[in-house]
Amino acid sequence: MNLNSVNGEMEGERGDDGLKEPLLLQHVNGVAIDIPPQQQFSYDGSKKLRTVKFKIREIKCASCATSIESVLSNLNGVESAVVSPLEGQAVVKFIPRLITAKRIKETVEEAGFPVDDFPEQDIAVCRLRIKGMMCTSCSESVERAIEMVDGVKKAVVGVALEEAKVHFDPNLTDTDHIVEAIEDAGFGADLISSGKDVNKVHLKLEGLNSSEDATFVQNFLESTQGVSQVEIDLSEHKVTVSYDPNLTGPRSIIQYLEEASHGPNIYHASLYTPPKRRETERLKETQMYRNQFFISCLFSVPVLLFSMVLPMIPTYGNWLDYKVHNMLTIGMLLRWILCTPVQFIVGQRFYVGAYHALRRRSANMDVLVALGTNAAYFYSVYIAVKALTSNTFEGQDFFETSAMLISFILLGKYLEVVAKGKTSDALAKLTDLAPDTAHLLTLDGEGNVISEMDINTQLMQKNDIIKILPGEKVPVDGVVTDGQSYVNESMITGEAKPIAKGPGDKVIGGTMNENGCLLVKATHVGSETALSQIVQLVEAAQLARAPVQKLADQISRFFVPMVVAAAFITWLGWFIPGVAGLYPKHWIPKVMDEFELALQFGISVLVVACPCALGLATPTAVMVATGKGASLGVLIKGGNALEKAHKVKTVVFDKTGTLTVGKPEVVSAVLFSHFSMEEFCDMATAAEANSEHPIAKAVVEHAKKLRQKLGSPTEHASEAKDFEVHTGAGVSGKVGDRTVLVGNKRLMMAFHVPVGPEVDDYMMKNEQLARTCVLVAIDGRVAGAFAVTDPVKPEAQIVVSSLRSMEISSIMVTGDNWATANAIAKEVGIGKVFAETDPVGKANKIKELQLKGMTVAMVGDGINDSPALVAADVGMAIGAGTDVAIEAADIVLIKSSLEDVVTAIDLSRKTISRIRLNYVWALGYNVLAVPIAAGILYPFTGIRLPPWLAGACMAASSLSVLCSSLLLQSYKKPLHIKDSKDSSLD
């Protein structure tokens, strides 16, 4: 059974899966609907309305609710207000331009009803696709236009990605006004997403026939628990619903919609998959440039034949010299007729672009092309008109210059768009990893399978049980509930070796199930899956602007005006000396005069200079590098992190979970007092049970196993009171009437617990073996100790050695004791160690190194590493580490392998080297091409650059920079450690 649509007969009650909520009936348009409590904003872009939901205290009856509704409805800007007397909740729709959410709250409170759970105002974020950007100056113009909109806080525009990310106050503006501002600046804009990264489902709704239906459906859905935003396209019968996956899901929303059927209106919802806008628009843009190029060639190729080819073949070209009237020949007339549609129809886009650029007091490539082609065309028209009205005039037209110039530029733009599409190939492969369908199981209360159906993965909800057969991809993130298998996670983590999976193990969406059948409970769906998070991270990184791009931004501000000035000086430099006879007459071709020769040189200078190549040098390289890094398991959060990483001269490693495997095991436990082993284990288990530290978990696990061998655990040791974590030292608490300390020697000293020679001797012997000793003190005496070992990662020594060969020093900073830290450091080859350091101390060590002029990278995995990750110039989080550490880091190493520390730094160095090469080429091209176009070689070699050939060179320069960036796709990891082969998406 394929569940692309769900009807009202869908099995199951509204239960814990999000379908069952206490129904709160409130009449909207005469129909009772349920309004579960919610506290959030939503925004309706089509109506320019916002919705705020909040709770109101002291509503004692229905008349109170009616009174509040009346007060709110009378406010200017409030479209509707619904108040539930049972739950004390209000749902208010308002126009942000006319009234603020804060004013609505104040009005309710002024009416004598206190407001609770009122949502704090968040800055909204939207992403837009920008059309028509040519170079860096275009992206800056778009940024300026957006930032001038009242309410916009920040705008970032990426010329290579052709996207903009805008932070704005939704009380002051909306996405429509932002789009209008972009269009007024002369660019196209389409909304990609609005609000935070939320889960959305797109539905086709049959039975949606009128605006009243649309209003009813929107009100109904917005009052449903978990729904945050509803957008309705009445003409297409489409509904887009944003929702909280913890509260509801696509199937629940479909069922809600069909339950909303009333009277003659029967709603039937089915899943609708919108086309991938980026691919569709890229294809349209490619086809547009290709078609324009072909149309241009249809006219410009005959112009080229009539002006340059046939006149050199007298037998076939003599007819072109026949005079139509006076000195106007057939050839000149045909060139004029054929060139005109190229200049004004095919070339219209350059006029529009130049107009908008000049209107906003800036200049771009369109200005250069428009100036150059207009100069050639209108001078040629002048020649043609003069020949038509004179019996003796002889002049050379340049119609072929205008036509061929536009054709070559369009060819260059076509090839550029094709090349741009390839810069995000790795990202496109990532998005295609997830399968389209999944096997959904329905279970009874005892866990027996009642039914099985195939559903679209877009319809999956949290807590769904899915079956994954051998050879199938995992559709979403989840936890295995039954079955044994091996899962190949190389497409996500880069780890080629399949990982054994059994009950309780986590699986990642997009990975491949190898040989067994697994039953998996969905824990993360939609935009919350690891695959979606990776894609969002890479997209954000590609949009971010690298500091090295500032050079291009600064140059682009005055690039075009300089080129125009250079072209004018070139024309004067050839025309005035020519008229004055300062250079030999034989320099001037027979078919030209001084003015025409000077004009050709000036036009060549205009069109040969290329600001596009300069603007594409950095963003295209960053796009390719971040995409390639993601395919290798290295997530780089933007151009800033990429640029800083290449400067790293010192790498600081955390120990536990970074240099070591991160799965400590207790190898021995000893007693130092009269306490029995049973009591010792109970006390240690109770004290460490609330700690999240890996060593604490190892101690608890070992103590429980040991206690089970000795007898059943005692009840009084099950819970510790007054529990307290002493960062970098251990924990303390009350177990029954006893005070228990579990931690290192520093904790014992802090609580004045004496540590005798016997304990010291035990600690010394184990620390020399790179083991960590955990002391347990009961009532002020050391009762015993655990010796914990955490094996060093097999690749650690090779990574430290590789960094040394890259002239990068390695340092270890850990909260563990000195002896253990030194033993681990010696094993991996690290010479400098800072031990017994708390989280703040780690950050301070980073700052000390930075004060010495070092660029520092920090590699860590835990919450206690977060301050150091933030303090470092480049923070690298181990992918298996905590969410806090990953959030704080600049680079995430997904597969938790240290070899990717080397990969990240090496990829950064290769990328920055490629960016510099792009700049050398882009700037060097202009430095060399402009003088040649200006005729610097002509007096000595007779070589000059015709305008149409100059246009071809300009197109080639942008294409060469793109191809240079695309070479990063062939990047190979510098380290290939055994049993950890590189596996990419290529």
# chains A, B, ... in the order shown; residues from 1 in each chain; ligands from 1
$ select_by_dssp --residues "region 291-534 of chain A" --states "strand (DSSP E or B)" --output "count of residues only"
49
$ residues_around --residues "region 283-292 of chain A" --least-positions-apart "3" --cutoff "10 Å" --atoms "only C-alpha atoms" --output "PyMOL selection string"
chain A and resi 131-132+277-280+295-298+342+345-347+406-407+409-418+421
$ residues_around --residues "Pro839 (chain A)" --least-positions-apart "6" --cutoff "12 Å" --atoms "only C-alpha atoms" --output "PyMOL selection string"
chain A and resi 654+726-729+813-816+845-846+860+862-871
$ closest_residue --among "A:Gly924, A:Gly509, A:Gly478, A:Pro547" --to "Lys644 (chain A)" --atoms "only C-alpha atoms"
A:Pro547
$ residues_around --residues "Val666 (chain A)" --least-positions-apart "6" --cutoff "8 Å" --atoms "only C-alpha atoms" --output "JSON, numbers by chain"
{"A": [698, 699, 702, 786, 787, 788, 789]}
$ write_last_selection --atoms "N, CA and C atoms" --output "PDB file, in the first residue's frame"
ATOM      1  N   ALA A 698      32.105   4.817  32.934  1.00  0.00           N
ATOM      2  CA  ALA A 698      32.884   3.580  33.021  1.00  0.00           C
ATOM      3  C   ALA A 698      32.918   3.064  34.448  1.00  0.00           C
ATOM      4  N   VAL A 699      33.077   3.970  35.402  1.00  0.00           N
ATOM      5  CA  VAL A 699      33.100   3.583  36.823  1.00  0.00           C
ATOM      6  C   VAL A 699      31.765   2.987  37.227  1.00  0.00           C
ATOM      7  N   HIS A 702      31.323  -0.530  35.669  1.00  0.00           N
ATOM      8  CA  HIS A 702      32.169  -1.540  36.303  1.00  0.00           C
ATOM      9  C   HIS A 702      31.684  -1.848  37.722  1.00  0.00           C
ATOM     10  N   PHE A 786      39.569   3.209  41.551  1.00  0.00           N
ATOM     11  CA  PHE A 786      39.417   2.504  40.283  1.00  0.00           C
ATOM     12  C   PHE A 786      40.537   2.938  39.348  1.00  0.00           C
ATOM     13  N   ALA A 787      41.124   1.988  38.637  1.00  0.00           N
ATOM     14  CA  ALA A 787      42.108   2.310  37.604  1.00  0.00           C
ATOM     15  C   ALA A 787      41.416   2.227  36.249  1.00  0.00           C
ATOM     16  N   VAL A 788      41.409   3.325  35.518  1.00  0.00           N
ATOM     17  CA  VAL A 788      40.666   3.426  34.255  1.00  0.00           C
ATOM     18  C   VAL A 788      41.640   3.612  33.107  1.00  0.00           C
ATOM     19  N   THR A 789      41.443   2.848  32.077  1.00  0.00           N
ATOM     20  CA  THR A 789      42.263   3.008  30.876  1.00  0.00           C
ATOM     21  C   THR A 789      41.382   3.420  29.708  1.00  0.00           C
TER      22      THR A 789
END
$ closest_residue --among "A:Leu945, A:Leu304, A:Met512, A:Ile254" --to "Leu271 (chain A)" --atoms "only C-alpha atoms"
A:Ile254
$ residues_around --residues "Cys61 (chain A)" --least-positions-apart "2" --cutoff "12 Å" --atoms "only C-alpha atoms" --output "PyMOL selection string"
chain A and resi 57-59+63-68+83-88
$ write_last_selection --atoms "N, CA and C atoms" --output "PDB file, in the first residue's frame"
ATOM      1  N   ARG A  57      -4.347  34.635  31.789  1.00  0.00           N
ATOM      2  CA  ARG A  57      -4.839  34.184  33.095  1.00  0.00           C
ATOM      3  C   ARG A  57      -6.148  34.893  33.457  1.00  0.00           C
ATOM      4  N   GLU A  58      -6.817  34.308  34.415  1.00  0.00           N
ATOM      5  CA  GLU A  58      -8.008  34.901  35.017  1.00  0.00           C
ATOM      6  C   GLU A  58      -9.181  35.054  34.041  1.00  0.00           C
ATOM      7  N   ILE A  59      -9.257  34.135  33.068  1.00  0.00           N
ATOM      8  CA  ILE A  59     -10.469  34.075  32.238  1.00  0.00           C
ATOM      9  C   ILE A  59     -11.429  33.127  32.945  1.00  0.00           C
ATOM     10  N   SER A  63     -17.804  34.809  28.688  1.00  0.00           N
ATOM     11  CA  SER A  63     -17.989  36.244  28.453  1.00  0.00           C
ATOM     12  C   SER A  63     -16.669  36.999  28.552  1.00  0.00           C
ATOM     13  N   CYS A  64     -15.764  36.520  29.445  1.00  0.00           N
ATOM     14  CA  CYS A  64     -14.424  37.138  29.526  1.00  0.00           C
ATOM     15  C   CYS A  64     -13.687  36.974  28.195  1.00  0.00           C
ATOM     16  N   ALA A  65     -13.778  35.757  27.630  1.00  0.00           N
ATOM     17  CA  ALA A  65     -13.124  35.503  26.343  1.00  0.00           C
ATOM     18  C   ALA A  65     -13.703  36.385  25.253  1.00  0.00           C
ATOM     19  N   THR A  66     -15.034  36.498  25.254  1.00  0.00           N
ATOM     20  CA  THR A  66     -15.697  37.345  24.262  1.00  0.00           C
ATOM     21  C   THR A  66     -15.279  38.797  24.418  1.00  0.00           C
ATOM     22  N   SER A  67     -15.138  39.250  25.663  1.00  0.00           N
ATOM     23  CA  SER A  67     -14.725  40.624  25.928  1.00  0.00           C
ATOM     24  C   SER A  67     -13.321  40.899  25.392  1.00  0.00           C
ATOM     25  N   ILE A  68     -12.418  39.942  25.620  1.00  0.00           N
ATOM     26  CA  ILE A  68     -11.035  40.106  25.126  1.00  0.00           C
ATOM     27  C   ILE A  68     -11.030  40.115  23.600  1.00  0.00           C
ATOM     28  N   VAL A  83     -10.187  33.584  21.310  1.00  0.00           N
ATOM     29  CA  VAL A  83      -9.779  33.324  22.693  1.00  0.00           C
ATOM     30  C   VAL A  83     -10.537  32.122  23.218  1.00  0.00           C
ATOM     31  N   SER A  84      -9.801  31.147  23.771  1.00  0.00           N
ATOM     32  CA  SER A  84     -10.411  29.955  24.344  1.00  0.00           C
ATOM     33  C   SER A  84     -10.630  30.158  25.836  1.00  0.00           C
ATOM     34  N   PRO A  85     -11.855  30.081  26.334  1.00  0.00           N
ATOM     35  CA  PRO A  85     -12.094  30.267  27.768  1.00  0.00           C
ATOM     36  C   PRO A  85     -11.635  29.077  28.606  1.00  0.00           C
ATOM     37  N   LEU A  86     -11.568  27.880  27.989  1.00  0.00           N
ATOM     38  CA  LEU A  86     -11.174  26.691  28.746  1.00  0.00           C
ATOM     39  C   LEU A  86      -9.673  26.657  29.006  1.00  0.00           C
ATOM     40  N   GLU A  87      -8.914  26.862  27.968  1.00  0.00           N
ATOM     41  CA  GLU A  87      -7.463  26.801  28.099  1.00  0.00           C
ATOM     42  C   GLU A  87      -6.850  28.161  28.374  1.00  0.00           C
ATOM     43  N   GLY A  88      -7.620  29.217  28.226  1.00  0.00           N
ATOM     44  CA  GLY A  88      -7.086  30.551  28.447  1.00  0.00           C
ATOM     45  C   GLY A  88      -6.050  30.935  27.422  1.00  0.00           C
TER      46      GLY A  88
END
$ atom_distance --atom1 "CA of Thr481 (chain A)" --atom2 "CA of Thr529 (chain A)"
18.3 Å
$ residues_around --residues "Met806 (chain A)" --least-positions-apart "5" --cutoff "9 Å" --atoms "only C-alpha atoms" --output "NGL selection string"
:A and (649 or 801 or 906)
$ closest_residue --among "A:Trp587, A:Leu75, A:Lys165, A:Val115" --to "Pro939 (chain A)" --atoms "only C-alpha atoms"
A:Trp587
$ residues_around --residues "Tyr583 (chain A)" --least-positions-apart "6" --cutoff "12 Å" --atoms "only C-alpha atoms" --output "PDB file with N, CA and C atoms, in the first residue's frame"
ATOM      1  N   GLY A 573      44.293  58.909 -26.693  1.00  0.00           N
ATOM      2  CA  GLY A 573      45.715  58.651 -26.936  1.00  0.00           C
ATOM      3  C   GLY A 573      46.026  58.224 -28.353  1.00  0.00           C
ATOM      4  N   TRP A 574      45.046  57.668 -29.053  1.00  0.00           N
ATOM      5  CA  TRP A 574      45.262  57.294 -30.448  1.00  0.00           C
ATOM      6  C   TRP A 574      44.687  58.332 -31.420  1.00  0.00           C
ATOM      7  N   PHE A 575      43.585  58.964 -31.043  1.00  0.00           N
ATOM      8  CA  PHE A 575      42.927  59.885 -31.961  1.00  0.00           C
ATOM      9  C   PHE A 575      43.718  61.195 -32.109  1.00  0.00           C
ATOM     10  N   ILE A 576      44.080  61.807 -31.004  1.00  0.00           N
ATOM     11  CA  ILE A 576      44.772  63.105 -31.068  1.00  0.00           C
ATOM     12  C   ILE A 576      46.122  62.994 -31.770  1.00  0.00           C
ATOM     13  N   PRO A 577      46.967  62.018 -31.405  1.00  0.00           N
ATOM     14  CA  PRO A 577      48.244  61.906 -32.147  1.00  0.00           C
ATOM     15  C   PRO A 577      48.031  61.581 -33.622  1.00  0.00           C
ATOM     16  N   GLU A 594      41.788  57.878 -38.552  1.00  0.00           N
ATOM     17  CA  GLU A 594      42.321  57.996 -37.196  1.00  0.00           C
ATOM     18  C   GLU A 594      41.236  57.768 -36.137  1.00  0.00           C
ATOM     19  N   TYR A 938      50.867  47.343 -30.838  1.00  0.00           N
ATOM     20  CA  TYR A 938      50.597  47.632 -32.255  1.00  0.00           C
ATOM     21  C   TYR A 938      51.732  48.354 -32.962  1.00  0.00           C
ATOM     22  N   PRO A 939      52.349  49.371 -32.359  1.00  0.00           N
ATOM     23  CA  PRO A 939      53.428  50.065 -33.072  1.00  0.00           C
ATOM     24  C   PRO A 939      54.629  49.175 -33.378  1.00  0.00           C
TER      25      PRO A 939
END
